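One file, coords-v6.txt, is given below (compact mmCIF, C-alpha atoms).
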# COMPACT_ATOMS: atom_id res chain seq x y z
CA MET U 15 115.13 74.31 94.75
CA SER U 16 112.43 76.78 93.75
CA ALA U 17 109.71 77.73 96.23
CA ARG U 18 106.38 75.95 95.98
CA VAL U 19 103.70 78.00 94.20
CA LYS U 20 101.06 79.33 96.55
CA ILE U 21 97.53 78.41 95.46
CA TRP U 22 93.88 78.82 96.46
CA GLY U 23 94.35 77.22 99.87
CA HIS U 24 96.99 79.79 100.75
CA LEU U 25 94.81 82.63 99.48
CA PHE U 26 91.91 81.37 101.55
CA VAL U 27 93.98 81.15 104.73
CA GLU U 28 96.02 84.34 104.31
CA VAL U 29 93.39 86.67 102.86
CA ILE U 30 89.81 85.39 102.78
CA ARG U 31 89.57 83.70 106.16
CA ARG U 32 91.27 86.72 107.75
CA GLU U 33 88.54 88.85 106.12
CA ILE U 34 91.07 91.21 104.53
CA CYS U 35 89.79 90.56 100.99
CA THR U 36 88.56 93.74 99.31
CA PHE U 37 86.46 91.80 96.78
CA CYS U 38 88.28 93.19 93.74
CA GLY U 39 87.52 90.12 91.63
CA ALA U 40 91.10 89.41 90.53
CA CYS U 41 91.19 85.86 91.85
CA ILE U 42 87.84 85.02 90.28
CA ALA U 43 88.89 86.53 86.95
CA SER U 44 92.27 84.81 86.78
CA CYS U 45 91.18 81.25 87.59
CA PRO U 46 91.72 79.43 84.26
CA VAL U 47 89.22 76.69 85.11
CA VAL U 48 86.51 79.02 86.50
CA ALA U 49 86.64 77.27 89.87
CA ILE U 50 86.19 80.42 91.96
CA SER U 51 82.85 82.15 92.40
CA ILE U 52 81.17 84.35 95.03
CA LYS U 53 79.60 83.51 98.39
CA ASN U 54 78.49 86.12 100.91
CA GLU U 55 80.51 88.84 99.16
CA TYR U 56 83.75 86.86 99.31
CA PRO U 57 85.46 84.63 96.73
CA ALA U 58 84.65 80.94 97.21
CA LEU U 59 85.97 77.76 95.64
CA VAL U 60 83.14 76.04 93.75
CA GLY U 61 85.15 73.70 91.53
CA ARG U 62 88.39 71.75 91.51
CA CYS U 63 91.53 73.79 92.11
CA VAL U 64 94.26 72.88 89.61
CA ALA U 65 97.01 74.42 91.77
CA CYS U 66 98.10 76.96 89.13
CA GLY U 67 98.64 79.75 91.66
CA TYR U 68 97.19 82.54 89.55
CA CYS U 69 94.49 83.49 92.06
CA TYR U 70 97.03 83.98 94.85
CA ASN U 71 99.50 85.92 92.77
CA GLN U 72 97.05 88.45 91.29
CA CYS U 73 95.55 89.34 94.67
CA PRO U 74 96.48 92.87 95.80
CA LYS U 75 96.61 91.64 99.40
CA THR U 76 99.29 88.96 98.97
CA PRO U 77 102.98 89.85 99.42
CA PHE U 78 104.57 91.72 96.54
CA ASP U 79 107.40 94.18 95.98
CA TRP U 80 105.45 97.23 94.78
CA SER U 81 108.68 99.06 93.92
CA ILE U 82 108.72 96.83 90.81
CA VAL U 83 105.51 98.48 89.61
CA GLU U 84 106.76 101.96 90.47
CA GLN U 85 109.96 101.35 88.53
CA LYS U 86 108.07 100.02 85.50
CA LEU U 87 105.43 102.76 85.47
CA PHE U 88 107.27 105.79 86.76
CA GLY U 89 110.97 105.03 86.68
CA GLY U 90 111.37 105.12 90.44
CA GLU U 91 109.67 105.12 93.83
CA ALA U 92 107.57 108.03 95.08
CA THR U 93 108.09 109.56 98.50
CA ASP U 94 104.87 111.60 98.60
CA PRO U 95 101.66 109.88 99.86
CA LEU U 96 99.95 111.08 96.67
CA GLY U 97 102.37 109.06 94.56
CA HIS U 98 103.79 110.18 91.23
CA VAL U 99 102.09 113.26 89.79
CA LYS U 100 102.70 114.70 86.30
CA ALA U 101 99.86 117.22 86.34
CA VAL U 102 96.65 118.08 88.19
CA TYR U 103 93.38 119.46 86.79
CA ALA U 104 89.79 120.13 87.66
CA ALA U 105 87.74 118.72 84.80
CA ARG U 106 84.16 118.23 83.74
CA ALA U 107 82.45 116.59 80.80
CA THR U 108 81.06 118.78 78.03
CA ASP U 109 78.35 116.22 77.24
CA GLU U 110 75.14 117.21 79.05
CA ASP U 111 73.92 113.60 79.16
CA ILE U 112 77.01 112.68 81.13
CA MET U 113 76.68 115.60 83.52
CA ILE U 114 73.11 114.63 84.38
CA VAL U 115 74.23 111.28 85.83
CA ALA U 116 77.77 112.19 86.86
CA GLN U 117 78.99 111.82 90.45
CA ASP U 118 80.97 115.06 90.18
CA GLY U 119 82.25 116.35 86.85
CA GLY U 120 81.83 113.19 84.79
CA ALA U 121 85.50 113.24 83.76
CA THR U 122 85.91 109.47 83.89
CA THR U 123 82.89 108.85 81.68
CA ALA U 124 84.07 111.52 79.24
CA LEU U 125 87.55 109.98 79.02
CA LEU U 126 86.11 106.55 78.35
CA LYS U 127 83.72 107.91 75.74
CA TYR U 128 86.63 109.60 73.97
CA ALA U 129 88.65 106.38 74.02
CA LEU U 130 85.72 104.36 72.65
CA ASP U 131 84.68 106.92 70.05
CA ASN U 132 88.21 107.07 68.69
CA LYS U 133 88.75 103.28 68.85
CA LEU U 134 91.66 103.57 71.26
CA VAL U 135 90.02 100.72 73.15
CA ASP U 136 87.56 98.01 72.19
CA CYS U 137 85.66 98.32 75.46
CA ALA U 138 85.81 99.56 79.04
CA VAL U 139 85.52 97.59 82.26
CA VAL U 140 83.28 99.55 84.63
CA THR U 141 80.78 99.05 87.46
CA GLY U 142 77.06 99.44 86.97
CA VAL U 143 74.19 98.28 89.17
CA GLU U 144 71.94 95.22 89.11
CA GLU U 145 68.40 95.72 87.87
CA LYS U 146 66.72 93.48 90.46
CA ASP U 147 68.85 94.19 93.53
CA LYS U 148 68.73 97.96 93.87
CA TRP U 149 72.19 99.55 94.06
CA LYS U 150 74.02 96.22 94.06
CA PRO U 151 77.21 96.73 92.01
CA LYS U 152 77.40 94.90 88.69
CA PRO U 153 80.73 94.48 86.85
CA MET U 154 80.15 95.55 83.25
CA VAL U 155 81.83 95.62 79.87
CA ALA U 156 80.92 98.93 78.21
CA PHE U 157 81.04 99.42 74.45
CA ASN U 158 79.28 102.75 73.93
CA LYS U 159 77.89 105.88 75.55
CA SER U 160 74.69 104.17 76.64
CA ASP U 161 76.66 101.53 78.54
CA LEU U 162 78.87 104.17 80.13
CA LEU U 163 75.90 106.19 81.38
CA LYS U 164 74.60 103.08 83.17
CA ALA U 165 77.88 102.88 85.07
CA ALA U 166 78.19 106.55 86.04
CA SER U 167 78.27 107.67 89.70
CA SER U 168 79.83 106.05 92.77
CA LYS U 169 78.39 102.97 94.46
CA TYR U 170 80.42 102.79 97.72
CA VAL U 171 79.69 99.05 97.88
CA SER U 172 82.55 96.73 96.96
CA SER U 173 82.36 95.14 93.54
CA PRO U 174 84.32 92.26 91.93
CA THR U 175 84.87 94.58 88.97
CA LEU U 176 87.77 92.62 87.52
CA THR U 177 85.46 89.72 86.69
CA ALA U 178 84.35 91.95 83.82
CA LEU U 179 87.96 92.04 82.61
CA ALA U 180 87.76 88.27 82.19
CA SER U 181 84.49 88.72 80.32
CA ALA U 182 86.00 91.34 78.01
CA VAL U 183 88.84 89.00 77.04
CA GLU U 184 87.14 85.60 77.07
CA GLU U 185 83.68 86.50 75.75
CA TYR U 186 84.33 89.54 73.57
CA TYR U 187 87.96 88.85 72.53
CA ALA U 188 88.92 92.43 73.34
CA GLU U 189 92.55 93.33 72.69
CA ASN U 190 92.55 96.89 74.02
CA ILE U 191 90.69 97.60 77.25
CA ALA U 192 90.23 100.55 79.59
CA VAL U 193 89.57 99.68 83.24
CA VAL U 194 88.08 101.88 85.96
CA GLY U 195 88.59 100.76 89.53
CA VAL U 196 89.61 101.68 93.05
CA GLY U 197 93.18 101.38 94.25
CA CYS U 198 93.15 97.66 95.09
CA GLN U 199 91.72 96.81 91.67
CA ILE U 200 94.36 98.90 89.91
CA ARG U 201 97.02 97.12 91.97
CA ALA U 202 95.68 93.74 90.89
CA ILE U 203 95.96 94.84 87.26
CA ARG U 204 99.56 95.94 87.80
CA LYS U 205 100.37 92.54 89.30
CA MET U 206 98.88 90.95 86.19
CA GLN U 207 101.13 93.16 84.07
CA PHE U 208 104.40 93.26 86.00
CA SER U 209 104.60 90.35 88.44
CA ASN U 210 106.80 87.40 87.54
CA TYR U 211 103.64 85.35 88.07
CA GLY U 212 101.33 87.85 86.42
CA TYR U 213 98.25 86.82 84.45
CA THR U 214 99.45 88.59 81.32
CA LYS U 215 96.63 87.09 79.29
CA TYR U 216 94.50 89.82 80.86
CA GLY U 217 97.06 92.34 82.04
CA SER U 218 98.56 92.88 78.58
CA LYS U 219 95.14 93.84 77.23
CA VAL U 220 94.69 96.76 79.66
CA LYS U 221 95.73 99.97 77.87
CA PHE U 222 94.33 102.54 80.30
CA ALA U 223 93.82 102.19 84.05
CA ILE U 224 91.73 104.94 85.66
CA GLY U 225 91.77 104.88 89.46
CA LEU U 226 89.09 106.21 91.78
CA PHE U 227 89.83 107.90 95.09
CA CYS U 228 88.64 105.54 97.82
CA SER U 229 88.65 105.66 101.62
CA GLU U 230 86.80 102.38 102.01
CA SER U 231 84.01 100.28 100.55
CA PHE U 232 81.09 98.54 102.22
CA PHE U 233 79.25 95.22 102.22
CA TYR U 234 76.06 95.36 100.19
CA GLN U 235 74.16 93.20 102.66
CA GLY U 236 75.18 95.41 105.56
CA LEU U 237 74.99 98.92 104.13
CA ILE U 238 72.07 98.53 101.74
CA ASN U 239 69.89 95.67 102.99
CA GLU U 240 70.40 96.15 106.71
CA TYR U 241 71.23 99.79 107.32
CA LEU U 242 69.43 101.74 104.59
CA LEU U 243 66.35 99.55 104.47
CA GLY U 244 66.32 99.63 108.26
CA LYS U 245 66.21 103.42 108.03
CA GLY U 246 63.17 103.16 105.78
CA ILE U 247 64.99 104.38 102.66
CA ASP U 248 63.14 103.58 99.43
CA LEU U 249 66.00 102.37 97.25
CA SER U 250 63.98 102.92 94.07
CA LYS U 251 64.09 106.65 94.78
CA VAL U 252 67.84 106.84 95.43
CA THR U 253 69.80 108.51 92.63
CA LYS U 254 73.18 109.08 94.27
CA PHE U 255 75.35 108.33 97.28
CA GLU U 256 77.97 110.77 98.52
CA ILE U 257 80.58 110.95 101.24
CA ALA U 258 81.41 114.58 101.90
CA LYS U 259 82.64 116.55 104.91
CA GLY U 260 82.45 113.53 107.17
CA LYS U 261 78.89 112.70 106.15
CA PHE U 262 77.36 109.71 104.36
CA ILE U 263 74.64 111.19 102.18
CA VAL U 264 71.83 109.53 100.24
CA LYS U 265 70.10 111.63 97.57
CA SER U 266 67.04 111.48 95.39
CA ASN U 267 67.95 114.01 92.72
CA SER U 268 68.33 117.26 94.71
CA ASP U 269 66.52 115.94 97.81
CA ILE U 270 68.57 114.54 100.68
CA LEU U 271 67.00 111.32 101.97
CA LEU U 272 69.64 110.68 104.59
CA SER U 273 72.70 112.47 105.97
CA VAL U 274 74.58 110.86 108.86
CA PRO U 275 78.16 110.90 110.16
CA VAL U 276 80.34 108.43 108.26
CA LYS U 277 81.19 106.75 111.56
CA GLU U 278 77.56 105.58 111.74
CA VAL U 279 78.11 103.29 108.73
CA LYS U 280 81.68 102.25 109.55
CA ALA U 281 80.48 98.93 110.94
CA TYR U 282 79.49 97.87 107.42
CA GLY U 283 82.92 98.56 105.92
CA ARG U 284 85.26 95.80 104.79
CA LYS U 285 88.16 94.96 107.09
CA GLY U 286 90.47 94.73 104.08
CA CYS U 287 89.89 98.41 103.34
CA LYS U 288 91.21 99.32 106.78
CA LEU U 289 94.53 97.70 105.82
CA CYS U 290 94.73 99.56 102.50
CA ASP U 291 97.07 102.58 102.39
CA ASP U 292 96.11 103.76 98.90
CA PHE U 293 93.50 106.53 98.93
CA SER U 294 94.35 108.07 95.56
CA ALA U 295 94.95 104.93 93.43
CA ARG U 296 98.66 105.65 93.15
CA PHE U 297 99.36 103.06 90.42
CA ALA U 298 96.73 104.28 87.95
CA ASP U 299 97.48 106.11 84.71
CA ILE U 300 94.95 108.73 85.80
CA SER U 301 93.39 109.09 89.25
CA VAL U 302 90.08 110.87 89.81
CA GLY U 303 88.01 112.01 92.76
CA GLY U 304 85.56 114.56 94.05
CA VAL U 305 87.64 116.50 96.58
CA ASP U 306 89.56 119.76 96.15
CA SER U 307 87.80 120.74 92.90
CA PRO U 308 84.83 123.13 92.72
CA PRO U 309 81.34 121.55 92.98
CA GLY U 310 80.41 119.87 89.70
CA TRP U 311 84.05 119.24 88.75
CA THR U 312 86.33 116.23 89.05
CA THR U 313 89.85 116.34 90.46
CA VAL U 314 92.17 114.62 87.97
CA ILE U 315 95.72 113.50 88.75
CA ILE U 316 97.78 112.58 85.68
CA ARG U 317 100.41 109.99 86.58
CA THR U 318 101.82 108.36 83.43
CA ASP U 319 102.66 109.35 79.85
CA VAL U 320 99.82 107.09 78.70
CA GLY U 321 97.38 108.88 80.98
CA GLU U 322 98.66 112.29 79.97
CA LYS U 323 98.16 111.64 76.26
CA LEU U 324 94.66 110.25 76.78
CA PHE U 325 93.65 113.24 78.89
CA ASN U 326 95.18 115.90 76.63
CA ASP U 327 93.69 114.37 73.50
CA ALA U 328 90.25 114.22 75.13
CA VAL U 329 90.54 117.89 76.13
CA ASN U 330 91.75 118.94 72.66
CA SER U 331 88.86 117.02 71.08
CA GLY U 332 86.31 118.91 73.17
CA TYR U 333 85.24 116.10 75.52
CA LEU U 334 86.36 117.93 78.66
CA ASP U 335 86.50 121.43 80.10
CA VAL U 336 89.50 121.85 82.39
CA LYS U 337 91.06 124.16 84.93
CA LYS U 338 94.76 123.78 85.69
CA MET U 339 95.60 122.94 89.28
CA SER U 340 98.80 122.17 91.17
CA VAL U 341 99.77 119.63 93.79
CA LYS U 342 99.52 122.43 96.37
CA ASP U 343 95.80 122.65 95.57
CA LEU U 344 95.29 119.03 96.68
CA LYS U 345 95.05 119.87 100.36
CA ILE U 346 92.15 117.56 101.23
CA THR U 347 93.36 114.80 98.91
CA ALA U 348 96.81 114.89 100.52
CA LYS U 349 95.29 114.90 104.01
CA LEU U 350 93.10 111.89 103.23
CA ALA U 351 96.03 110.06 101.62
CA LYS U 352 98.16 110.58 104.73
CA MET U 353 95.30 109.55 107.02
CA LYS U 354 94.76 106.34 105.06
CA MET U 355 98.45 105.48 105.21
CA LYS U 356 98.51 106.08 108.96
CA SER U 357 95.34 104.12 109.68
CA ALA U 358 96.54 101.20 107.51
CA THR U 359 99.82 101.07 109.42
CA GLU U 360 97.97 101.07 112.73
CA ALA U 361 95.51 98.41 111.56
CA ALA U 362 98.34 96.19 110.32
CA ALA U 363 100.06 96.45 113.70
CA GLN U 364 96.88 95.28 115.43
CA SER U 365 96.03 92.45 113.02

Can the structure in the file be given as structure tokens, please?
Amino acid sequence: MSARVKIWGHLFVEVIRREICTFCGACIASCPVVAISIKNEYPALVGRCVACGYCYNQCPKTPFDWSIVEQKLFGGEATDPLGHVKAVYAARATDEDIMIVAQDGGATTALLKYALDNKLVDCAVVTGVEEKDKWKPKPMVAFNKSDLLKAASSKYVSSPTLTALASAVEEYYAENIAVVGVGCQIRAIRKMQFSNYGYTKYGSKVKFAIGLFCSESFFYQGLINEYLLGKGIDLSKVTKFEIAKGKFIVKSNSDILLSVPVKEVKAYGRKGCKLCDDFSARFADISVGGVDSPPGWTTVIIRTDVGEKLFNDAVNSGYLDVKKMSVKDLKITAKLAKMKMKSATEAAAQS
């Protein structure tokens, strides 16, 4: 007798009620009857569950044999905390418009622009910000440079980004999609692609998965509405957030509005992030972050043949300037990856 399919009720009990949801948006996106929405920065059932099980099985927090993904993507399991690495570069966009709004070197935006300009993808799933609620993340489907510029720079607040994947497929009938997300979102995509219960309707449309380095993300209500507004920060003046050298930094162009130890904002982080062991988005085609490269450059880890071809073609077409690096140059990245693995193991033991 086959095992009963786990459905919304199981997801609610095992993930949401335990507060280990990272708010990736996979369950919301994969519900075929649009019965899952958002309440207080968590998924919530707002319609009738049809017991299909897709929400449970796309969630990056539900049990899954991740060696399946490693075998499919890389041909075997990695032993290094950084995951599989084909090549490492420091990169920056050659487009000045991108560099003006870039978090670091604008490499992600440049790669997406290359893919869109050359019709390798129909669109890109990215994260912008809401117009009314300052700095509240907004899942977006980007079709051109203008859209991409709106989504540049890091938000540090969790976003149900994969709801935009549903929009790209259902509303825009996209067949070839690039997705940018943090490690848990990339994992959800890989479950869509490679799980026996994967939502291939969406997963098969993802041609490029670009992963962002991520230590943790925060609740919008807590970090923005409570903490920053409580500090008297004028959100309309904020142009960038940074986490660097143990500091949480809020900037208005070149002016620093706030610089405090990261531990001061830890209380607003999501519990699910503490149980995540994936700092460098190990299952992405290309992983990107702001550590170990010179200021104004992006650290780029090439992981798959698909990612390597996209990156090399973008470089050869003049979209990126690059400096070759090696795994040995990733000292801070490796340290953070090991720390995240250790802290996740310790948090799991206590949960």

(request) May I ask which of the residues U:Ile200, U:Lys100, U:Val276, U:Tyr211 is the closest one to U:Ile316, counting all atoms listed in the file? (result) U:Lys100

(request) Using only C-alpha atoms, find the one residue out of U:Lys152, U:Arg284, U:Lys221, U:Lys349 that sits nearest to U:Val305. (result)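 Looking only at the distances to U:Val305, the closest residue turns out to be U:Lys349.
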
(request) For U:Asp109, list every protein, DNA or RNA residue within 12 Å, evaluated using only C-alpha atoms, and leave out those in the same chain fewer than 4 positions away; present the list as JSON, numbers by chain. (result) {"U": [113, 114, 115, 116, 119, 120, 121, 123, 124, 125, 127, 128, 159, 163, 332, 333, 334, 335]}

(request) Quick one: everything within 12 Å of U:Thr177, counting all atoms listed in the file, minus sequence neighbours fewer than 5 positions away in the same chain. Send it as a PyMOL selection string. (result) chain U and resi 37-45+48+50-52+57+139-141+152-155+182-185+193+195+199+202-203+216

(message) List the spatial neighbours of stretch 230-245 of chain U as a ChimeraX atom specification - criterion: any atom at most 6 Å away, all atoms listed in the file, same-chain residues fewer than 4 positions off excluded.
(response) /U:170-172,282-284,287

(request) To one decimal in Å, tell me the separation between atom CA of U:Ala92 and atom CA of U:Gly321. (result) 17.4 Å

(request) Could you jot down the atom CA of U:Arg31 to atom CA of U:Leu226 separation for me, Å, one decimal place? (result)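 So the answer is 26.7 Å.
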
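As for atom CA of U:Phe26 and atom CA of U:Ala58, they are spaced 8.5 Å apart.
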
(request) Write out as a VMD selection string which residues come within 8 Å of U:Leu324 when counting all atoms listed in the file, dropping same-chain ones fewer than 4 positions away. (result) chain U and resid 125 129 320 328

(message) Please determine, counting only C-alpha atoms, which residue among U:Met353, U:Leu25, U:Phe157, U:Glu144 has the shortest atom-to-atom distance to U:Cys63.
(response)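 Under the stated criterion, the closest residue is U:Leu25.
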
(request) Choose the residue, out of U:Met206, U:Leu249, U:Met355, U:Ala180, that has the smallest atom-to-atom separation from U:Ser294; count all atoms listed in the file. (result)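 Going through U:Met206, U:Leu249, U:Met355, U:Ala180 one by one, the smallest distance to U:Ser294 is for U:Met355.
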
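Using all atoms listed in the file, the nearest neighbour of U:Lys352 within the list U:Ala65, U:Leu96, U:Ala138, U:Ile112 is U:Leu96.
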
(request) Dig up all the protein and nucleic acid residues within 10 Å of (76.7, 107.0, 110.9) in the file frame, using only C-alpha atoms, and format them as JSON, numbers by chain. (result) {"U": [241, 260, 261, 262, 263, 273, 274, 275, 276, 277, 278, 279, 280, 281]}

(message) Between U:Leu130, U:Cys290, U:Ile21, U:Val47, which residue has the minimum interatomic distance to U:Cys198, considering all atoms listed in the file?
(response)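 Nearest candidate to U:Cys198 out of U:Leu130, U:Cys290, U:Ile21, U:Val47: U:Cys290.
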
Axis-aligned box over every listed atom of stretch 296-305 of chain U, padded by 8 Å per side: centre and edges in Å to one decimal, as lines of an AutoDock Vina configuration file?
center_x = 92.5
center_y = 109.8
center_z = 90.6
size_x = 29.8
size_y = 29.4
size_z = 27.9

(request) Dump as a ChimeraX atom specification all residues having an atom at most 12 Å from (102.9, 92.4, 87.4), computed in the file's coordinates with only C-alpha atoms. (result) /U:68,71-74,78-87,200-218,297
